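Let me begin by presenting the structure, written as structure tokens, before commenting on it.
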Amino acid sequence: MTVDPTRWSIATRLFALLVVFVVAVTLLATAWTIRSARDDADRSAARACLALATSIADNPYVVDAMGTSDPSARLQPYAVALMSDTSTDFVTIMRPDRTRLTHPDPDEIGRPFVGTIAPALRGRSFTETYAGTLGPSVRAVVPIEGDGEVVALVSAGVTVDTITQSVGERLPLVFAAAGATVVLGGIVSWLLSRYLRRVTWGRGPEELARMFAYYEGVLHSVREGLVLVDDRGRLTLYNDQAAELLDLPPGGIAAPVPLTDLQLPDSLRELLASGRRASDEVHVTDDRVLVVNQEVTEPTEGPSHPSPSTGRGGATPSGGAAPVTGATRPRSRRTLGTVTTLRDHTELTHLTGEVETMRTLSDALRSQTHEFSNRLHTIVSLIELGRGDEALRFAADELDLGQRLADRVVAAIDEPTLAALLLGKAAQARERSIDLRVDVEPDLGTIDVEPGDLVTILGNLVDNAFDAVAPTLDAPTPSPDPTGRPARPPRVEVTVARVEGGVQLDVEDDGPGLGDVELAFRRGFSTKPTSAGGRGIGLALVRQAVGRVGGRLDVATGPDGTTFSVLLPDRRPDDVDTTARRRGGVRS
């Protein structure tokens with residue numbers, strides 16, 4: 001079976017590389033240690049031999065023995081005793097003509113010395129490694145002088161075998177240290193490879209590079225914004241769509257950035273920092289409506305065997321970290337952070353608002369159809385009863401009541417969408433027993449604002465006022481006054497007038513007022529019950545639309561009611577700061 005190293009994981013490759021490296025370094029270090037020990041032993045032996053030979057040359061006993069007729073008889077026992085005491089392999093005293101006077105082998109006495117003596121004959125001591133009768137040896141040669149002349153030479157030396165033997169005594173310790181180094185290096189390499197296998201899920205570099213390329217492509221090609229926040233509350237990664245939706249720097253970030261350093265809406269920053277799960281939450285930024293989903297990401301212990309759904313090594317496609325969605329795979333309690341997706345619903349919200357307006361008009365028309373049907377039956381009955389004058393007067397009164405409001409609104413406002421909205425709200429108010437008073441300045445003319453923004457601003461403010469002052473259609477009708485007088489219907493007043501610099505819209509109600517004005521504009525604030533469609537973004541959309549057109553929004557509230565005042569400029573100034581225009585002004 002052929003093993004393909006290219007299919008090895010990073011952990012396996014690193015383990016093999018580290019083991020080879022540790023073994024190679026250990027072998028080199030061992031060889032260098034042995035060679036260094038041998039060199040040290042040679043130098044130590046040379047110094048010892050030179051010291052011994054020098055002491056012999058300086059001994060008067062040796063000089064006196066050289067003057068006798070048989071120097072060998074006196075010097076041989078002396079040399080043998082020195083060799084025994086100093087663990088020296090040979091001490092050879094010779095005449096200047098190389099004739100040996102002493103030698104470990106008595107048979108060599110009288111024979112010529114084998115080695116270099118020329119420097120010593122000139123009076124200089126030296127050391128060398130030379131192969132003599134005892135084999136290669138490290139030796140020192142020192143001249144013996146008498147009366148200023150070289151009368152003899154002495155050579156002391158240690159054979160190379162002896163030095164090798166002394167070095168060999170140290171080798172077990174060196175090999176033991178080398179083996180311990182290899183074992184320790186192997187353990188460290190195994191621990192490191194085990195860590196890498198866990199964090200890379202047993203993948204090789206080619207597979208990781210391919211996955212990175214795929215993920216980069218997916219990250220920048222999806223239409224939804226993707227934001228990754230680590231467990232320390234820092235933004236670590238986002239794609240191009242998220243940069244566009246949240247006004248983040250394009251091209252990503254080089255290092256994690258704390259969420260507190262980013263210009264994000266408070267509600268969205270709180271969600272990202274909380275690390276909690278979120279499903280289809282609506283968040284309003286300065287100029288967008290975002291639907292946000294967020295999942296907590298935890299490191300998972302992948303299965304021991306790969307499967308098609310998890311990939312090689314049991315890893316998830318995300319590379320070892322999976323969103324916690326209730327799967328049965330083992331999970332760690334430590335979180336890596338959160339993965340958040342953002343969908344832009346700005347246009348959809350505007351379209352929904354327009355559809356809601358059309359539905360309001362449709363409901364109003366349907367209600368009026370039913371009401372007019374009843375009135376028509378009443379008129380027919382009066383005619384059949386012969387009361388034609390009363391029938392004519394009844395029909396004229398009802399016609400004038402609705403026609404006066406329609407004529408006043410249509411004549412004053414050139415924008416048909418806004419006129420239709422006000423007429424629809426008037427019909428809706430009659431259904432809900434609300435006294436809606438509409439005061440439109442005559443000859444108001446054109447309002448230089450997109451119809452969609454007008455519908456968003458005025459429609460949400462009127463709906464908010466309706467909900468603040470009146471019960472819903474399913475709620476019981478208010479009881480009459482204890483004095484017997486009929487209860488005064490709740491009142492909502494809409495005023496549209498031209499002022500200096502633009503058009504001002506005032507929506508006033510006599511409800512209980514707002515406790516916290518700033519809280520009312522946050523996403524999720526509502527005085528109505530929570531429904532499946534979600535509540536609490538109407539006023540946030542109003543502030544967003546006002547800021548988008550460069551207007552100003554003021555709020556006056558108290559126990560007797562609340563007044564929302566919106567100033568819409570005639571035309572947007574080119575020199576208005578973009579950020580300021582998006583944020584708008586909200587004063588209480």
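Residue numbers start at 1 in each chain; chains themselves are named A, B, ... in the order of the structure tokens; ligands are numbered from 1 in the order shown.
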Those in region 130-307 of chain A with alpha helix (DSSP H) from DSSP, as a ChimeraX atom specification: /A:160-168,171-200,205-221,240-246,266-274
Residue contacts of Val141 (chain A) (9 Å, only C-alpha atoms) excluding same-chain residues fewer than 4 positions away, as a PyMOL selection string: chain A and resi 49-50+53-54+116-117+119-120+124-128+153-157
Exercise: Arg437 (chain A) partners within 9 Å, only C-alpha atoms, chain neighbours under 3 positions left out, as a PyMOL selection string: chain A and resi 426+491-495
Within 12 Å of Leu82 (chain A) using only C-alpha atoms, minus same-chain residues under 2 positions, as a list in words: Cys49, Leu52, Ala53, Ser55, Ile56, Leu75, Gln76, Pro77, Tyr78, Ala79, Val80, Ser84, Asp85, Thr86, Ser87, Thr88, Asp89, Phe90, Val91, Thr92, Thr102, His103, Pro104, Ala156 and Gly157 of chain A
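If only C-alpha atoms are the atoms counted, then among A:Gly452, A:Gly168, A:Pro60, A:Gly388 the closest residue to Ala545 (chain A) is A:Gly452.
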Nearby residues (only C-alpha atoms) at most 12 Å from Val218 (chain A), same-chain spacing under 6 positions excluded, as a compact mmCIF listing (two decimals) with all heavy atoms, in the first residue's frame:
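Saved result, part19.txt, follows:
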# COMPACT_ATOMS: atom_id res chain seq x y z
N MET A 211 -10.91 25.03 1.25
CA MET A 211 -12.05 25.46 2.04
C MET A 211 -12.05 26.97 2.24
O MET A 211 -13.09 27.63 2.18
CB MET A 211 -12.03 24.75 3.40
CG MET A 211 -12.35 23.28 3.35
SD MET A 211 -12.20 22.52 4.98
CE MET A 211 -13.31 23.55 5.93
N PHE A 212 -10.87 27.53 2.50
CA PHE A 212 -10.79 28.98 2.68
C PHE A 212 -11.24 29.71 1.43
O PHE A 212 -11.97 30.70 1.50
CB PHE A 212 -9.35 29.36 3.04
CG PHE A 212 -9.15 30.83 3.23
CD1 PHE A 212 -9.53 31.46 4.40
CD2 PHE A 212 -8.59 31.60 2.22
CE1 PHE A 212 -9.35 32.83 4.57
CE2 PHE A 212 -8.41 32.96 2.37
CZ PHE A 212 -8.79 33.57 3.56
N GLU A 224 -27.17 38.28 1.88
CA GLU A 224 -27.43 38.70 3.24
C GLU A 224 -26.14 39.19 3.88
O GLU A 224 -25.04 38.73 3.55
CB GLU A 224 -28.00 37.55 4.07
CG GLU A 224 -29.38 37.10 3.63
CD GLU A 224 -29.95 36.05 4.57
OE1 GLU A 224 -29.20 35.61 5.46
OE2 GLU A 224 -31.12 35.69 4.41
N GLY A 225 -26.27 40.11 4.81
CA GLY A 225 -25.12 40.55 5.58
C GLY A 225 -24.75 39.49 6.60
O GLY A 225 -25.61 38.87 7.23
N LEU A 226 -23.44 39.26 6.77
CA LEU A 226 -22.95 38.26 7.71
C LEU A 226 -21.95 38.92 8.64
O LEU A 226 -20.98 39.55 8.18
CB LEU A 226 -22.29 37.10 6.96
CG LEU A 226 -21.78 35.94 7.82
CD1 LEU A 226 -22.92 35.25 8.52
CD2 LEU A 226 -21.00 34.95 6.96
N TYR A 238 -16.85 40.34 8.71
CA TYR A 238 -18.13 40.67 8.09
C TYR A 238 -17.92 40.68 6.59
O TYR A 238 -16.80 40.83 6.10
CB TYR A 238 -18.67 42.02 8.58
CG TYR A 238 -17.73 43.18 8.38
CD1 TYR A 238 -17.70 43.90 7.19
CD2 TYR A 238 -16.87 43.59 9.39
CE1 TYR A 238 -16.85 44.97 7.01
CE2 TYR A 238 -16.01 44.66 9.22
CZ TYR A 238 -16.00 45.34 8.02
OH TYR A 238 -15.16 46.41 7.85
N ASN A 239 -19.02 40.51 5.86
CA ASN A 239 -18.91 40.47 4.40
C ASN A 239 -19.28 41.83 3.80
O ASN A 239 -19.60 42.79 4.51
CB ASN A 239 -19.76 39.34 3.82
CG ASN A 239 -21.25 39.56 4.08
OD1 ASN A 239 -21.64 40.48 4.79
ND2 ASN A 239 -22.08 38.71 3.50
N ASP A 240 -19.26 41.89 2.47
CA ASP A 240 -19.49 43.16 1.78
C ASP A 240 -20.91 43.68 2.03
O ASP A 240 -21.12 44.89 2.19
CB ASP A 240 -19.26 42.98 0.27
CG ASP A 240 -17.85 42.54 -0.03
OD1 ASP A 240 -16.97 42.82 0.81
OD2 ASP A 240 -17.62 41.92 -1.08
N GLN A 241 -21.88 42.77 2.07
CA GLN A 241 -23.26 43.20 2.27
C GLN A 241 -23.44 43.79 3.66
O GLN A 241 -24.15 44.79 3.84
CB GLN A 241 -24.21 42.02 2.06
CG GLN A 241 -25.68 42.37 2.09
CD GLN A 241 -26.11 43.18 0.88
OE1 GLN A 241 -25.33 43.36 -0.05
NE2 GLN A 241 -27.33 43.70 0.91
N SER A 318 -18.00 24.36 8.60
CA SER A 318 -17.46 25.65 9.03
C SER A 318 -16.09 25.52 9.65
O SER A 318 -15.51 26.48 10.10
CB SER A 318 -18.41 26.30 10.04
OG SER A 318 -18.56 25.46 11.16
Surrounding residues of region 270-282 of chain A excluding itself and chain neighbours under 6 positions, 6 Å, only C-alpha atoms, as a list in words: Gly233, Leu290, Val291, Val292, Asn293, Gln294 and Glu295 of chain A
With all heavy atoms retained, export the selected residues as an mmCIF file, in the first residue's frame.
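Once everything was written out, this is selection-v6.cif:
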data_model
loop_
_atom_site.group_PDB
_atom_site.id
_atom_site.type_symbol
_atom_site.label_atom_id
_atom_site.label_comp_id
_atom_site.auth_asym_id
_atom_site.auth_seq_id
_atom_site.Cartn_x
_atom_site.Cartn_y
_atom_site.Cartn_z
ATOM 1 N N GLY A 233 -16.834 40.089 22.693
ATOM 2 C CA GLY A 233 -17.589 41.244 22.228
ATOM 3 C C GLY A 233 -16.843 42.073 21.204
ATOM 4 O O GLY A 233 -16.990 43.299 21.176
ATOM 5 N N LEU A 290 -33.760 46.344 9.185
ATOM 6 C CA LEU A 290 -33.027 45.086 9.065
ATOM 7 C C LEU A 290 -33.744 43.987 9.841
ATOM 8 O O LEU A 290 -34.221 44.204 10.968
ATOM 9 C CB LEU A 290 -31.601 45.242 9.607
ATOM 10 C CG LEU A 290 -30.734 46.330 8.971
ATOM 11 C CD1 LEU A 290 -29.386 46.387 9.661
ATOM 12 C CD2 LEU A 290 -30.568 46.092 7.486
ATOM 13 N N VAL A 291 -33.819 42.811 9.232
ATOM 14 C CA VAL A 291 -34.298 41.610 9.914
ATOM 15 C C VAL A 291 -33.067 40.803 10.314
ATOM 16 O O VAL A 291 -32.255 40.429 9.461
ATOM 17 C CB VAL A 291 -35.229 40.781 9.011
ATOM 18 C CG1 VAL A 291 -35.631 39.500 9.710
ATOM 19 C CG2 VAL A 291 -36.451 41.598 8.636
ATOM 20 N N VAL A 292 -32.922 40.554 11.604
ATOM 21 C CA VAL A 292 -31.685 40.013 12.156
ATOM 22 C C VAL A 292 -31.938 38.641 12.748
ATOM 23 O O VAL A 292 -32.917 38.437 13.482
ATOM 24 C CB VAL A 292 -31.106 40.960 13.233
ATOM 25 C CG1 VAL A 292 -29.791 40.408 13.773
ATOM 26 C CG2 VAL A 292 -30.904 42.356 12.658
ATOM 27 N N ASN A 293 -31.051 37.695 12.411
ATOM 28 C CA ASN A 293 -31.021 36.374 13.043
ATOM 29 C C ASN A 293 -29.635 36.169 13.636
ATOM 30 O O ASN A 293 -28.633 36.523 13.003
ATOM 31 C CB ASN A 293 -31.315 35.259 12.036
ATOM 32 C CG ASN A 293 -32.768 35.251 11.601
ATOM 33 O OD1 ASN A 293 -33.613 34.661 12.232
ATOM 34 N ND2 ASN A 293 -33.047 35.953 10.508
ATOM 35 N N GLN A 294 -29.578 35.588 14.811
ATOM 36 C CA GLN A 294 -28.289 35.396 15.485
ATOM 37 C C GLN A 294 -28.255 34.038 16.164
ATOM 38 O O GLN A 294 -29.224 33.625 16.800
ATOM 39 C CB GLN A 294 -28.063 36.505 16.515
ATOM 40 C CG GLN A 294 -26.729 36.403 17.250
ATOM 41 C CD GLN A 294 -26.401 37.658 18.027
ATOM 42 O OE1 GLN A 294 -25.922 38.635 17.460
ATOM 43 N NE2 GLN A 294 -26.660 37.661 19.312
ATOM 44 N N GLU A 295 -27.142 33.344 15.997
ATOM 45 C CA GLU A 295 -26.933 32.041 16.620
ATOM 46 C C GLU A 295 -25.612 32.045 17.373
ATOM 47 O O GLU A 295 -24.644 32.679 16.952
ATOM 48 C CB GLU A 295 -26.916 30.921 15.578
ATOM 49 C CG GLU A 295 -28.282 30.486 15.090
ATOM 50 C CD GLU A 295 -29.102 29.783 16.146
ATOM 51 O OE1 GLU A 295 -28.500 29.348 17.159
ATOM 52 O OE2 GLU A 295 -30.323 29.683 15.983
#
Residue with smallest distance to Ser137 (chain A) - pool A:Phe466, A:Val158, A:Arg13, A:Leu121, counting only C-alpha atoms: A:Val158
Per-residue DSSP, region 32-244 of chain A, filtered to strand (DSSP E or B), as a VMD selection string: chain A and resid 90 to 94 99 to 100 112 126 to 132 135 to 146 149 to 159 225 to 230 234 to 238
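Distances to Thr562 (chain A) were evaluated for A:Gln544, A:Ser72, A:Ser362, A:Asn464 using only C-alpha atoms, and the minimum falls at A:Asn464.
In this structure, CA of Pro489 (chain A) sits 6.5 Å away from CA of Ser433 (chain A).
The space between CA of Arg288 (chain A) and CA of Ala242 (chain A) spans 12.1 Å.
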